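Printed here is upload.cif (mmCIF, C-alpha atoms):
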```cif
data_entry
#
loop_
_atom_site.label_atom_id
_atom_site.label_comp_id
_atom_site.auth_asym_id
_atom_site.auth_seq_id
_atom_site.Cartn_x
_atom_site.Cartn_y
_atom_site.Cartn_z
CA MET X 1 8.16 13.02 -26.65
CA SER X 2 10.93 10.46 -26.94
CA LYS X 3 11.42 11.47 -30.57
CA ASP X 4 12.62 14.87 -29.31
CA TRP X 5 15.26 13.23 -27.16
CA PRO X 6 18.68 12.12 -28.35
CA LEU X 7 19.53 8.44 -28.47
CA TRP X 8 22.02 6.98 -26.00
CA GLU X 9 23.87 3.68 -26.28
CA VAL X 10 23.82 1.62 -23.09
CA PHE X 11 26.65 -0.53 -21.73
CA VAL X 12 26.18 -2.84 -18.75
CA ARG X 13 28.85 -4.43 -16.58
CA MET X 14 27.30 -7.75 -15.65
CA ARG X 15 29.63 -8.47 -12.72
CA GLY X 16 32.67 -6.94 -11.14
CA GLY X 17 35.76 -7.86 -13.19
CA LEU X 18 33.91 -8.17 -16.50
CA SER X 19 33.95 -5.40 -19.04
CA HIS X 20 30.93 -3.29 -19.93
CA LYS X 21 28.97 -4.78 -22.84
CA HIS X 22 26.69 -3.00 -25.25
CA VAL X 23 23.09 -4.02 -24.56
CA GLY X 24 20.95 -1.55 -26.48
CA SER X 25 19.87 2.07 -26.46
CA VAL X 26 17.46 4.48 -24.78
CA HIS X 27 16.05 7.92 -25.49
CA ALA X 28 16.63 10.56 -22.83
CA PRO X 29 16.92 14.35 -22.65
CA ASP X 30 20.36 14.20 -20.98
CA GLY X 31 23.02 11.83 -19.66
CA GLU X 32 21.77 11.60 -16.09
CA LEU X 33 18.28 10.62 -17.16
CA ALA X 34 19.76 8.28 -19.77
CA VAL X 35 21.44 6.38 -16.91
CA ARG X 36 18.12 6.25 -15.05
CA HIS X 37 16.30 5.05 -18.16
CA ALA X 38 19.00 2.47 -18.81
CA ARG X 39 18.66 1.28 -15.22
CA ASP X 40 14.91 0.92 -15.62
CA VAL X 41 15.01 -0.71 -19.05
CA TYR X 42 18.09 -2.93 -18.90
CA THR X 43 18.89 -3.80 -15.29
CA ARG X 44 15.49 -4.45 -13.75
CA ARG X 45 16.19 -8.18 -13.53
CA LEU X 46 19.54 -7.86 -11.80
CA GLU X 47 21.51 -7.85 -15.03
CA GLY X 48 24.25 -5.52 -13.95
CA VAL X 49 26.37 -3.73 -11.38
CA SER X 50 27.44 -0.72 -13.43
CA LEU X 51 26.14 1.30 -16.37
CA TRP X 52 27.68 3.49 -19.02
CA VAL X 53 25.73 5.58 -21.50
CA VAL X 54 27.15 7.46 -24.43
CA LYS X 55 25.39 9.61 -26.99
CA SER X 56 24.88 7.51 -30.10
CA ALA X 57 25.85 10.52 -32.19
CA ASP X 58 29.28 10.55 -30.50
CA ILE X 59 30.13 7.07 -31.70
CA VAL X 60 32.40 6.98 -34.70
CA ALA X 61 31.54 3.92 -36.77
CA SER X 62 33.31 2.15 -39.59
CA ASP X 63 31.78 2.63 -43.02
CA PRO X 64 29.81 -0.47 -44.12
CA ALA X 65 30.81 0.30 -47.72
CA GLN X 66 34.43 -0.12 -46.67
CA ALA X 67 33.84 -3.53 -45.09
CA GLY X 68 35.79 -5.22 -47.87
CA PRO X 69 39.06 -3.35 -47.53
CA LEU X 70 38.72 -3.16 -43.75
CA PHE X 71 37.95 -6.74 -42.80
CA GLU X 72 38.49 -9.15 -45.69
CA PRO X 73 42.31 -9.00 -45.69
CA ALA X 74 42.21 -10.69 -42.27
CA GLU X 75 40.44 -13.71 -43.75
CA SER X 76 43.56 -15.21 -45.30
CA LYS X 77 45.76 -14.73 -42.25
CA VAL X 78 44.92 -17.69 -40.08
CA TYR X 79 48.50 -17.62 -38.71
CA ARG X 80 47.40 -14.66 -36.61
CA HIS X 81 45.50 -17.07 -34.40
CA PRO X 82 47.86 -18.40 -31.73
CA THR X 83 47.11 -22.01 -32.68
CA PHE X 84 50.48 -22.89 -34.19
CA TYR X 85 52.39 -22.99 -30.94
CA ASP X 86 53.03 -25.87 -28.57
CA ILE X 87 51.72 -24.75 -25.21
CA PRO X 88 53.75 -26.10 -22.30
CA ASP X 89 51.59 -28.21 -19.96
CA VAL X 90 52.31 -25.93 -17.02
CA VAL X 91 50.64 -23.02 -18.73
CA LYS X 92 46.99 -23.34 -17.84
CA HIS X 93 45.52 -20.14 -19.21
CA ILE X 94 46.57 -18.33 -22.34
CA MET G 1 -24.64 16.58 -8.18
CA PRO G 2 -23.50 18.77 -5.28
CA SER G 3 -20.17 17.85 -3.76
CA LEU G 4 -19.90 16.78 -0.17
CA PRO G 5 -18.30 19.43 2.04
CA THR G 6 -14.55 19.06 2.35
CA ILE G 7 -13.39 17.50 5.59
CA GLN G 8 -11.30 19.93 7.58
CA PRO G 9 -8.82 19.42 10.43
CA GLU G 10 -11.35 20.60 13.04
CA ASP G 11 -13.80 17.93 11.82
CA GLU G 12 -11.04 15.40 12.18
CA ALA G 13 -10.37 16.47 15.76
CA ARG G 14 -14.06 16.08 16.60
CA ALA G 15 -14.15 12.63 15.01
CA ASP G 16 -11.00 11.61 16.86
CA GLY G 17 -12.62 12.64 20.15
CA ALA G 18 -15.59 10.37 19.58
CA SER G 19 -15.60 6.87 21.01
CA HIS G 20 -14.69 4.20 18.51
CA GLU G 21 -16.05 1.37 20.63
CA GLY G 22 -18.71 -0.54 18.82
CA VAL G 23 -18.43 1.61 15.74
CA PHE G 24 -18.13 -0.28 12.44
CA ASP G 25 -17.89 -3.56 14.37
CA ALA G 26 -14.49 -2.55 15.69
CA PRO G 27 -12.82 -5.66 17.05
CA HIS G 28 -12.19 -5.56 20.78
CA VAL G 29 -8.50 -6.24 20.72
CA GLU G 30 -6.03 -4.54 22.94
CA THR G 31 -5.15 -0.99 21.98
CA HIS G 32 -1.59 -1.62 20.89
CA ALA G 33 -2.48 -4.38 18.45
CA LYS G 34 -5.30 -2.21 17.12
CA ASP G 35 -2.96 0.75 16.71
CA LEU G 36 -0.31 -1.35 15.03
CA PHE G 37 -2.88 -2.85 12.68
CA ASP G 38 -4.02 0.65 11.76
CA TYR G 39 -0.45 1.87 11.27
CA ALA G 40 0.50 -1.09 9.06
CA LEU G 41 -2.64 -0.44 7.01
CA ARG G 42 -1.72 3.22 6.58
CA LEU G 43 1.76 2.31 5.39
CA GLY G 44 0.53 -0.52 3.18
CA ASP G 45 -2.41 1.38 1.70
CA ASP G 46 -0.21 4.37 0.78
CA SER G 47 2.05 2.07 -1.23
CA LEU G 48 -0.78 -0.03 -2.65
CA ILE G 49 -2.88 2.84 -3.94
CA LEU G 50 0.03 4.76 -5.42
CA GLY G 51 1.32 1.54 -6.98
CA GLN G 52 -2.07 1.00 -8.61
CA ARG G 53 -2.13 4.60 -9.86
CA LEU G 54 1.30 4.22 -11.44
CA GLY G 55 0.18 1.01 -13.08
CA GLU G 56 -2.51 3.01 -14.87
CA TRP G 57 0.27 4.56 -16.97
CA CYS G 58 0.92 1.22 -18.71
CA GLY G 59 0.36 1.72 -22.41
CA ARG G 60 -0.16 5.46 -21.95
CA ALA G 61 3.16 6.95 -20.85
CA PRO G 62 4.81 9.58 -23.06
CA ALA G 63 7.74 7.31 -23.95
CA LEU G 64 8.72 3.66 -23.58
CA GLU G 65 11.45 4.65 -21.14
CA THR G 66 9.14 6.64 -18.86
CA GLU G 67 6.53 3.92 -19.05
CA LEU G 68 8.96 1.30 -17.76
CA SER G 69 10.23 3.74 -15.21
CA LEU G 70 6.77 4.45 -13.79
CA ALA G 71 5.85 0.75 -13.87
CA ASN G 72 9.04 -0.07 -11.94
CA LEU G 73 8.15 2.44 -9.24
CA GLY G 74 4.64 1.02 -9.10
CA LEU G 75 5.89 -2.54 -8.72
CA ASP G 76 8.25 -1.52 -5.92
CA LEU G 77 5.31 0.07 -4.14
CA ILE G 78 3.07 -2.95 -4.57
CA GLY G 79 5.87 -5.11 -3.15
CA GLN G 80 6.00 -2.86 -0.09
CA ALA G 81 2.22 -2.98 0.21
CA THR G 82 2.31 -6.77 0.23
CA LEU G 83 4.72 -6.78 3.17
CA PHE G 84 2.90 -4.12 5.19
CA LEU G 85 -0.53 -5.62 4.60
CA ALA G 86 0.71 -9.11 5.44
CA LEU G 87 1.99 -7.68 8.71
CA ALA G 88 -1.36 -5.95 9.30
CA GLY G 89 -3.17 -9.23 8.77
CA GLU G 90 -0.79 -11.02 11.14
CA VAL G 91 -1.28 -8.37 13.83
CA GLU G 92 -5.04 -8.45 13.40
CA GLY G 93 -5.07 -12.22 13.82
CA ARG G 94 -8.33 -12.81 12.01
CA GLY G 95 -6.88 -14.78 9.15
CA ARG G 96 -6.83 -11.98 6.57
CA ASP G 97 -3.75 -12.04 4.34
CA ALA G 98 -2.38 -9.22 2.19
CA ASP G 99 -4.62 -10.08 -0.78
CA ARG G 100 -7.70 -10.25 1.40
CA LEU G 101 -6.93 -6.81 2.80
CA ALA G 102 -6.11 -5.32 -0.59
CA PHE G 103 -9.03 -6.70 -2.54
CA HIS G 104 -11.81 -7.20 -0.02
CA ARG G 105 -12.03 -3.94 1.83
CA ASP G 106 -14.27 -1.09 0.76
CA VAL G 107 -13.36 2.52 0.40
CA LEU G 108 -14.16 3.55 4.00
CA GLN G 109 -11.74 0.95 5.33
CA PHE G 110 -8.76 2.24 3.37
CA ARG G 111 -6.23 4.22 5.40
CA ASN G 112 -4.07 5.78 2.68
CA CYS G 113 -3.42 9.50 2.51
CA LEU G 114 -5.40 11.52 -0.02
CA LEU G 115 -2.35 12.43 -2.11
CA VAL G 116 -1.75 8.91 -3.41
CA GLU G 117 -5.32 8.41 -4.63
CA GLN G 118 -5.33 11.57 -6.74
CA PRO G 119 -5.74 10.90 -10.45
CA ASN G 120 -2.60 10.73 -12.57
CA GLY G 121 -3.41 13.83 -14.63
CA ASP G 122 -0.60 14.47 -17.09
CA PHE G 123 2.99 13.27 -16.67
CA ALA G 124 3.92 16.43 -14.75
CA ARG G 125 1.17 15.97 -12.18
CA THR G 126 2.15 12.33 -11.72
CA ILE G 127 5.73 13.49 -11.16
CA ALA G 128 4.62 16.19 -8.70
CA ARG G 129 2.67 13.62 -6.69
CA GLN G 130 5.60 11.19 -6.78
CA PHE G 131 8.17 13.76 -5.77
CA LEU G 132 6.18 14.98 -2.76
CA PHE G 133 5.09 11.52 -1.65
CA SER G 134 8.44 9.74 -2.12
CA THR G 135 10.38 12.54 -0.42
CA ALA G 136 8.15 12.22 2.65
CA GLN G 137 8.08 8.41 2.48
CA LEU G 138 11.86 8.20 2.31
CA ALA G 139 12.27 10.18 5.54
CA LEU G 140 9.56 8.07 7.16
CA PHE G 141 11.15 4.76 6.15
CA GLU G 142 14.62 5.89 7.20
CA GLY G 143 13.17 6.62 10.63
CA LEU G 144 11.24 3.34 10.68
CA THR G 145 14.43 1.33 10.24
CA ARG G 146 14.97 2.18 13.95
CA SER G 147 11.47 1.09 14.96
CA THR G 148 11.23 -0.98 18.14
CA ASP G 149 9.08 -3.38 16.12
CA PRO G 150 11.64 -5.46 14.20
CA ARG G 151 9.09 -6.43 11.52
CA LEU G 152 8.46 -2.80 10.63
CA ALA G 153 12.17 -2.03 10.79
CA GLU G 154 12.95 -4.86 8.39
CA ILE G 155 10.37 -3.86 5.80
CA ALA G 156 11.45 -0.23 6.06
CA ALA G 157 15.11 -1.12 5.51
CA LYS G 158 14.29 -2.95 2.29
CA ALA G 159 11.85 -0.30 1.08
CA ALA G 160 14.03 2.71 1.89
CA LYS G 161 16.50 1.74 -0.86
CA GLU G 162 13.70 1.60 -3.40
CA VAL G 163 12.15 4.84 -2.27
CA ALA G 164 15.49 6.66 -2.36
CA TYR G 165 15.48 5.97 -6.10
CA HIS G 166 11.84 7.06 -6.45
CA ALA G 167 12.54 10.35 -4.71
CA ASP G 168 15.65 10.95 -6.83
CA ILE G 169 14.14 10.24 -10.22
CA ALA G 170 11.03 12.28 -9.40
CA ALA G 171 13.20 15.22 -8.29
CA ASP G 172 15.20 14.90 -11.52
CA TRP G 173 11.99 15.21 -13.51
CA VAL G 174 10.73 18.18 -11.48
CA VAL G 175 13.94 19.99 -12.38
CA ARG G 176 13.78 19.07 -16.05
CA LEU G 177 10.12 19.93 -16.49
CA GLY G 178 10.32 23.06 -14.35
CA ASP G 179 13.44 24.32 -16.06
CA GLY G 180 12.52 22.93 -19.49
CA THR G 181 10.21 24.45 -22.08
CA GLU G 182 7.46 26.97 -21.45
CA GLU G 183 4.88 24.19 -21.73
CA SER G 184 6.68 21.77 -19.41
CA ARG G 185 7.08 24.53 -16.80
CA ARG G 186 3.38 25.41 -17.02
CA ARG G 187 2.42 21.77 -16.59
CA MET G 188 4.85 21.22 -13.71
CA LEU G 189 3.43 24.24 -11.88
CA ALA G 190 -0.13 23.04 -12.45
CA GLY G 191 0.81 19.54 -11.23
CA LEU G 192 2.36 20.88 -8.04
CA ASP G 193 -0.58 23.22 -7.49
CA TRP G 194 -2.91 20.24 -7.61
CA CYS G 195 -0.88 18.47 -4.91
CA TRP G 196 0.02 21.11 -2.32
CA ARG G 197 -3.23 20.81 -0.34
CA PHE G 198 -2.55 17.14 0.33
CA VAL G 199 0.94 17.58 1.76
CA ASP G 200 0.01 18.48 5.36
CA GLU G 201 -1.70 15.12 5.75
CA LEU G 202 1.62 13.35 5.15
CA PHE G 203 2.91 14.84 8.40
CA GLN G 204 -0.26 14.58 10.47
CA VAL G 205 0.01 12.73 13.78
CA ASP G 206 -3.20 11.53 15.43
CA ALA G 207 -3.89 9.66 18.67
CA VAL G 208 -3.03 6.28 17.12
CA GLU G 209 0.39 7.38 15.97
CA THR G 210 1.08 9.38 19.14
CA ARG G 211 0.70 6.19 21.17
CA LEU G 212 2.90 4.24 18.75
CA VAL G 213 5.54 6.98 18.75
CA SER G 214 5.68 6.87 22.55
CA THR G 215 6.67 3.19 22.41
CA GLY G 216 9.17 3.77 19.62
CA VAL G 217 7.19 1.72 17.11
CA ALA G 218 6.17 4.58 14.82
CA VAL G 219 8.05 7.60 13.53
CA ASP G 220 6.86 11.05 14.58
CA ARG G 221 5.80 12.35 11.18
CA ALA G 222 5.72 15.95 12.38
CA SER G 223 9.45 15.78 13.10
CA LEU G 224 10.12 14.99 9.43
CA ARG G 225 8.57 18.20 8.12
CA PRO G 226 11.58 20.55 8.33
CA SER G 227 13.84 18.27 6.27
CA PHE G 228 11.00 17.71 3.78
CA ASP G 229 10.49 21.46 3.40
CA ALA G 230 14.22 21.98 2.91
CA ARG G 231 14.42 19.28 0.23
CA VAL G 232 11.35 20.59 -1.61
CA ALA G 233 12.74 24.13 -1.51
CA ALA G 234 16.10 22.98 -2.88
CA VAL G 235 14.57 21.05 -5.78
CA LEU G 236 12.14 23.83 -6.68
CA GLU G 237 14.97 26.32 -6.68
CA GLU G 238 17.01 24.13 -9.02
CA ALA G 239 13.90 23.81 -11.20
CA ALA G 240 13.55 27.62 -11.24
CA LEU G 241 10.05 27.21 -9.79
CA PRO G 242 8.49 29.46 -7.12
CA ALA G 243 8.39 28.31 -3.50
CA PRO G 244 5.14 26.58 -2.52
CA VAL G 245 2.24 28.49 -1.03
CA TYR G 246 0.30 25.88 0.91
CA PRO G 247 -3.48 26.24 0.69
CA ARG G 248 -5.79 25.08 3.47
CA ALA G 249 -5.08 21.40 4.03
CA VAL G 250 -7.45 18.63 3.04
CA VAL G 251 -7.18 15.60 5.32
CA GLY G 252 -9.18 12.51 6.25
CA GLY G 253 -7.58 9.57 4.47
CA ARG G 254 -6.17 8.05 7.67
CA VAL G 255 -9.68 7.57 9.05
CA GLY G 256 -11.25 6.49 5.78
CA HIS G 257 -12.64 9.81 4.54
CA HIS G 258 -11.48 9.70 0.95
CA SER G 259 -11.91 11.76 -2.16
CA GLU G 260 -14.34 10.52 -4.80
CA HIS G 261 -11.39 9.17 -6.79
CA LEU G 262 -10.54 6.23 -4.55
CA GLY G 263 -13.78 4.32 -5.17
CA HIS G 264 -13.16 4.39 -8.91
CA LEU G 265 -9.62 3.17 -8.43
CA LEU G 266 -10.81 0.31 -6.21
CA ALA G 267 -13.50 -0.66 -8.70
CA VAL G 268 -10.81 -1.35 -11.29
CA MET G 269 -8.31 -2.86 -8.85
CA GLN G 270 -10.76 -5.14 -7.04
CA PHE G 271 -13.03 -6.18 -9.89
CA LEU G 272 -11.23 -9.34 -10.90
CA PRO G 273 -10.57 -10.97 -7.51
CA ARG G 274 -14.10 -10.14 -6.36
CA THR G 275 -15.82 -11.37 -9.50
CA TYR G 276 -13.67 -14.47 -9.89
CA PRO G 277 -12.66 -15.30 -6.29
CA ASP G 278 -10.96 -18.54 -7.28
CA ALA G 279 -8.99 -17.13 -10.19
CA VAL G 280 -5.34 -18.17 -10.24
CA TRP G 281 -2.44 -17.38 -12.53
#
```
Could the structure of this file be written out as C-alpha cells, please?
Amino acid sequence: MSKDWPLWEVFVRMRGGLSHKHVGSVHAPDGELAVRHARDVYTRRLEGVSLWVVKSADIVASDPAQAGPLFEPAESKVYRHPTFYDIPDVVKHI
Amino acid sequence: MPSLPTIQPEDEARADGASHEGVFDAPHVETHAKDLFDYALRLGDDSLILGQRLGEWCGRAPALETELSLANLGLDLIGQATLFLALAGEVEGRGRDADRLAFHRDVLQFRNCLLVEQPNGDFARTIARQFLFSTAQLALFEGLTRSTDPRLAEIAAKAAKEVAYHADIAADWVVRLGDGTEESRRRMLAGLDWCWRFVDELFQVDAVETRLVSTGVAVDRASLRPSFDARVAAVLEEAALPAPVYPRAVVGGRVGHHSEHLGHLLAVMQFLPRTYPDAVW
C-alpha cells in the first residue's frame, strides 16, 4: 500500500521562533494525509508546534558527482568566517 | 452451533422494566452513585474496548504510517478509559481501581456499545467504525465538558481534543477510500454496511441516563443525533458514497448483552493480568 504512495519530506518547527528542521519522510496519498502521518510519526512525543511536508520529488538536489566543484573551493577560504575581527565588548551577540 | 436470537429494542425495554434489586449481587448504594458508576463504565468501556481493538492492528496495518496512526488513536482511547474507569471505581467506593475494572470483570459486566467490540475486518471497516464512533463521541464529549459533575467535565475537556483528531482523520480516510479506486470504494461501502446497525445504540437513552441528564451530569445522547446525521451525510457526499440506509438496530451493550466478539477480545486483553496477578513492568 505505502509503496503506491508518493514520499513526502517532513519538517518540524520545534518551538515558536525556531525554523522548521528536516526530520525524515513519510508515505501518503496526498499532502493533507502526509501532514497527518507526519504528526503521528514525528510529533507524538511533543516534538513540535508546526509541520511542513513537501513532495520529495519536488526537491531539487545538488548533484553528488559535482560535490568537488561545488563545495571544495570553500575549503581554502577561512577568511569567510568572521573570526578575524575584534568584537567590541558591548556587542553581546553576533 | 445455532446463534442466540438478536436482542431487540423491545427486549431491552422489557429488561429495563424489571427490578434490578438483588440481581447479580447489585450493591445497595443510592441511585445516583449507582447511575454515575454505570455511566462512567459506559464511557470508559467504550474507550477501552475500541482502544484494544485498534491495538490489534500492531504489526498488521497496511503501512507503517497507518499503523502508528491507529496505535496513536488506540493509546488516546486507553488513556481516556483509565480516567473514566478510575472515576467509576472512586464512585463505587469498593476499592476497585481502573486496572481492576478493566481486567477483572467478565463479559456481562462490560457496558460498552456493540460498535466498538466489532472485529477490525479490513482497514476500511476499521475506518468506518472509527468514523462513526469518533463522530458521535466528539459530540458527546463536547457536551460533557458542561457536565455538572466537574470530574466528568474535566476528563471530557482533555479527551475532546484527542477525539476531534480521531474524527477528522477517520473522515479523511472515508473520503479517500470512498472516492479512491474501485476496490477501495467497494471495501469502504462494505465496512460501513457492517457498522450501520450499531449506530442507533450510540444515541440510545435509558432510565439510567435519563436520570443523569435531569441533573445535568450526563449529555442527552438523543439530542446529538441530528448533528451526527448531518456530519455523516456531508462526509459521505464528499466521498461520493450513497447515503446510509439504517437496518433494524442491534442494541444491548449498555446492559451487558454483547456480541460473541467481546469475550474473545477480553480473553486476549485480560489473560496476562489474570494469569500473573503480580506481574509488574
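Interatomic distance, CA of Glu65 in chain G to CA of Leu50 in chain G: 19.4 Å.
Remark: for Pro226 in chain G, the closest of the candidate residues G:Pro119, G:Glu154, G:Arg94, G:Thr135 is G:Thr135 (distances computed over all atoms listed in the file).
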Could you list the residues chosen by the PyMOL selection byres ((chain X) within 10 of (chain G)) in this structure as a ChimeraX atom specification?
/X:1-3,26-30,32-34,36-41,44
Any chance you could export the current selection's C-alpha atoms as a JSON list (two decimals), in the frame of the given file?
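Listing of result.json after writing:
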```
[["chain", "number", "residue", "atom", "x", "y", "z"],
["X", 1, "MET", "CA", 8.16, 13.02, -26.65],
["X", 2, "SER", "CA", 10.93, 10.46, -26.94],
["X", 3, "LYS", "CA", 11.42, 11.47, -30.57],
["X", 26, "VAL", "CA", 17.46, 4.48, -24.78],
["X", 27, "HIS", "CA", 16.05, 7.92, -25.49],
["X", 28, "ALA", "CA", 16.63, 10.56, -22.83],
["X", 29, "PRO", "CA", 16.92, 14.35, -22.65],
["X", 30, "ASP", "CA", 20.36, 14.20, -20.98],
["X", 32, "GLU", "CA", 21.77, 11.60, -16.09],
["X", 33, "LEU", "CA", 18.28, 10.62, -17.16],
["X", 34, "ALA", "CA", 19.76, 8.28, -19.77],
["X", 36, "ARG", "CA", 18.12, 6.25, -15.05],
["X", 37, "HIS", "CA", 16.30, 5.05, -18.16],
["X", 38, "ALA", "CA", 19.00, 2.47, -18.81],
["X", 39, "ARG", "CA", 18.66, 1.28, -15.22],
["X", 40, "ASP", "CA", 14.91, 0.92, -15.62],
["X", 41, "VAL", "CA", 15.01, -0.71, -19.05],
["X", 44, "ARG", "CA", 15.49, -4.45, -13.75]]
```
What's the 10 Å shell around Asp200 in chain G, counting all atoms listed in the file, without same-chain residues fewer than 6 positions away, as number ranges by chain?
G: 115, 222, 225, 246-251
Please list as an mmCIF file with C-alpha atoms, in the frame of the given file every residue within 6 Å of range 55-60 of chain G, counting only C-alpha atoms and excluding residues in the same chain fewer than 2 positions away.
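For reference, around24.cif as written:
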```cif
data_model
loop_
_atom_site.group_PDB
_atom_site.id
_atom_site.type_symbol
_atom_site.label_atom_id
_atom_site.label_comp_id
_atom_site.auth_asym_id
_atom_site.auth_seq_id
_atom_site.Cartn_x
_atom_site.Cartn_y
_atom_site.Cartn_z
ATOM 1 C CA GLN G 52 -2.070 1.000 -8.610
ATOM 2 C CA ARG G 53 -2.130 4.600 -9.860
ATOM 3 C CA ALA G 71 5.850 0.750 -13.870
ATOM 4 C CA GLY G 74 4.640 1.020 -9.100
#
```
So what do you get for CA of Val235 in chain G versus CA of Gly191 in chain G, distance-wise?
14.9 Å
Around range 5-24 of chain X, fit a box with edges along x, y and z, padding it by 8 Å on each side, then list its centre and edge lengths in Å to one decimal as AutoDock Vina command-line options.
```
--center_x 25.5 --center_y 2.4 --center_z -19.8 --size_x 36.5 --size_y 37.7 --size_z 33.3
```
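Across the structure, CA of Arg45 in chain X and CA of Phe141 in chain G are spaced 24.1 Å apart.
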So which residues get picked by the PyMOL selection byres ((chain G and resi 49) around 9) here, written as a ChimeraX atom specification?
/G:44-48,50-54,77-78,81,112,116-117,262,265-266
Give me, as a PyMOL selection string, all polymer residues having an atom no more than 7 Å from Val175 in chain G, counting all atoms listed in the file and skipping those fewer than 3 positions away in the same chain.
chain G and resi 171-172+178-179+235+238-239
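Minimum atom-to-atom distance to Ala98 in chain G, evaluated using only C-alpha atoms, belongs to G:Gln80 out of G:Ile127, G:Val255, G:Gln8, G:Gln80.
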For the structure provided, state which residues fall under the PyMOL selection byres ((chain X and resi 50) around 9), and present them as a list of chain:residue names.
X:Phe11, X:Val12, X:Arg13, X:Met14, X:Arg15, X:Gly16, X:His20, X:Gly48, X:Val49, X:Leu51, X:Trp52
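Distances here use all atoms listed in the file; by that measure, the residue among G:Asp220, G:Phe133, G:Glu182, G:Pro277 closest to Gln118 in chain G is G:Phe133.
Among the candidate residues G:Ala124, G:Leu41, G:Val213, G:His32, the one lying nearest to Asp97 in chain G is G:Leu41, with distances computed using only C-alpha atoms.
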Need to verify the contact set: Thr6 in chain G, 10 Å, all atoms listed in the file, exclusion of same-chain residues closer than 3 positions in sequence. Can you return it as an MDAnalysis selection string?
chainID G and resid 3 9 11 249:252 257:259
Using all atoms listed in the file, find the one residue out of G:Ala102, G:Ala207, G:Ala139, G:Gly263 that sits nearest to Ser227 in chain G.
G:Ala139
